[in-house]
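Worksheet: one structure, shown below.
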Amino acid sequence: MSRTPMRRIASAATAAALATAGVVVGVGLGTGVASAAGTCSATSHLTKNDASTLGMTMTYDKTVAPASVATSVPQTVTYSIVVGTTSGAANPYVNAITDFPPTGFGAPTTVTVSAYHILQGQQTATVTAEPANGGYQVTNSGWFVNSGNPVTANFTYNVPSNVTLGQAVTSGGANVSGTEGVTNSMPTLTACFAVGAPNAGQAVTGSLANNGLGSSQGGLSSTGSVSDILGNAISKGIEGVI
């Protein structure tokens with residue numbers, strides 16, 4: 001068989017397989033997600049400086065990453081809560097950090113805490129969060145904080161499948177408790193991510209995955225290879241053409 005007919009068969013097979021998977025042939029692989037309309041801040045910041053802080057200025061930050069997600073693509077988001085201090089001679093300790101995710105979110109899949117340890121420096125450990133007053137809380141006998149060593153708690157959640165295109169998903173706030181003025185209840189320490197349409201690459205991946213041609217875990221295939229996807233597509237397409 002000549003090379004030209006073979007190319008035609010391969011092209012037809014690929015197109016057939018991709019069409020079966022619900023993919024429009026001719027759309028390139030994109031990078032990024034179209035963000036939702038409107039203002040949506042992925043981070044917020046608060047400070048505390050009163051009689052309870054004993055001359056310190058406590059700082060609190062909450063950030064969500066990524067700042068935008070796509071519909072129809074299984075994804076996770078991570079909320080980072082950072083507790084620090086910019087001044088003062090006291091040595092505060094954080095005993096508990098509570099995150100309040102957006103309404104409809106389940107329990108976090110993973111939680112880590114990064115904190116300073118004597119003779120070890122900053123160390124990150126995976127910890128267990130417990131339900132607490134509508135949020136999820138991590139506790140410790142005392143995470144040390146000074147101006148150069150904040151405490152960071154990262155809460156990772158699965159994004160619910162019912163988020164909609166154009167939606168701005170805003171979390172609840174955060175609570176922190178500890179010594180020497182650290183304690184603060186902050187319902188306004190929120191973070192927002194936007195929901196956009198899948199880019200071309202994500203649309204291809206999702207359609208292929210739903211039809212057994214790729215991976216639904218955010219990669220192009222189970223091995224992360226475009227060639228694997230096209231190889232599977234061609235094989236399945238040829239079965240329908242020949």
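Residues in the structure tokens are named by chain (A, B, ... in the order shown) and by number from 1 within that chain; ligands are numbered from 1 in the order shown.
The shell of residues at most 8 Å from Thr109 in chain A, with only C-alpha atoms counted and near chain neighbours (fewer than 4 positions) removed, consists of Phe155, Thr156, Tyr157 and Asn158 of chain A.
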Out of range 103-212 of chain A, which residues get strand (DSSP E) from DSSP, as a ChimeraX atom specification? /A:110-117,121-127,130-132,135-144,151-158,168-170,174-178,184-186,192-196
Would you mind listing, for every residue of range 126-200 of chain A within 6 Å of range 50-64 of chain A, the two atoms forming the shortest contact and the distance between them in Å to one decimal, using only C-alpha atoms, sorted by chain and ascending residue number, as a Markdown table?
```
| residue | atom | partner | partner_atom | distance |
| --- | --- | --- | --- | --- |
| A:Glu180 | CA | A:Thr53 | CA | 5.6 |
| A:Gly181 | CA | A:Thr53 | CA | 4.1 |
| A:Ala191 | CA | A:Thr63 | CA | 5.6 |
```
Would you put the residues from that selection into a file with N, CA and C atoms, as a compact mmCIF listing (two decimals), in the first residue's frame?
```
# COMPACT_ATOMS: atom_id res chain seq x y z
N GLU A 180 0.23 34.98 73.33
CA GLU A 180 0.69 36.37 73.20
C GLU A 180 0.11 37.12 72.01
N GLY A 181 -1.20 37.18 71.97
CA GLY A 181 -1.85 37.99 70.94
C GLY A 181 -1.99 37.34 69.58
N ALA A 191 -10.44 33.86 50.28
CA ALA A 191 -9.72 33.74 49.00
C ALA A 191 -10.70 33.22 47.96
```
I'd like the neighbourhood of Phe193 in chain A as a ChimeraX atom specification, where a residue qualifies if any of its atoms comes within 12 Å (using only C-alpha atoms), though same-chain residues fewer than 3 positions away should be ignored. /A:33-43,63-70,76-79,101-102,159,163,165-171,190,196
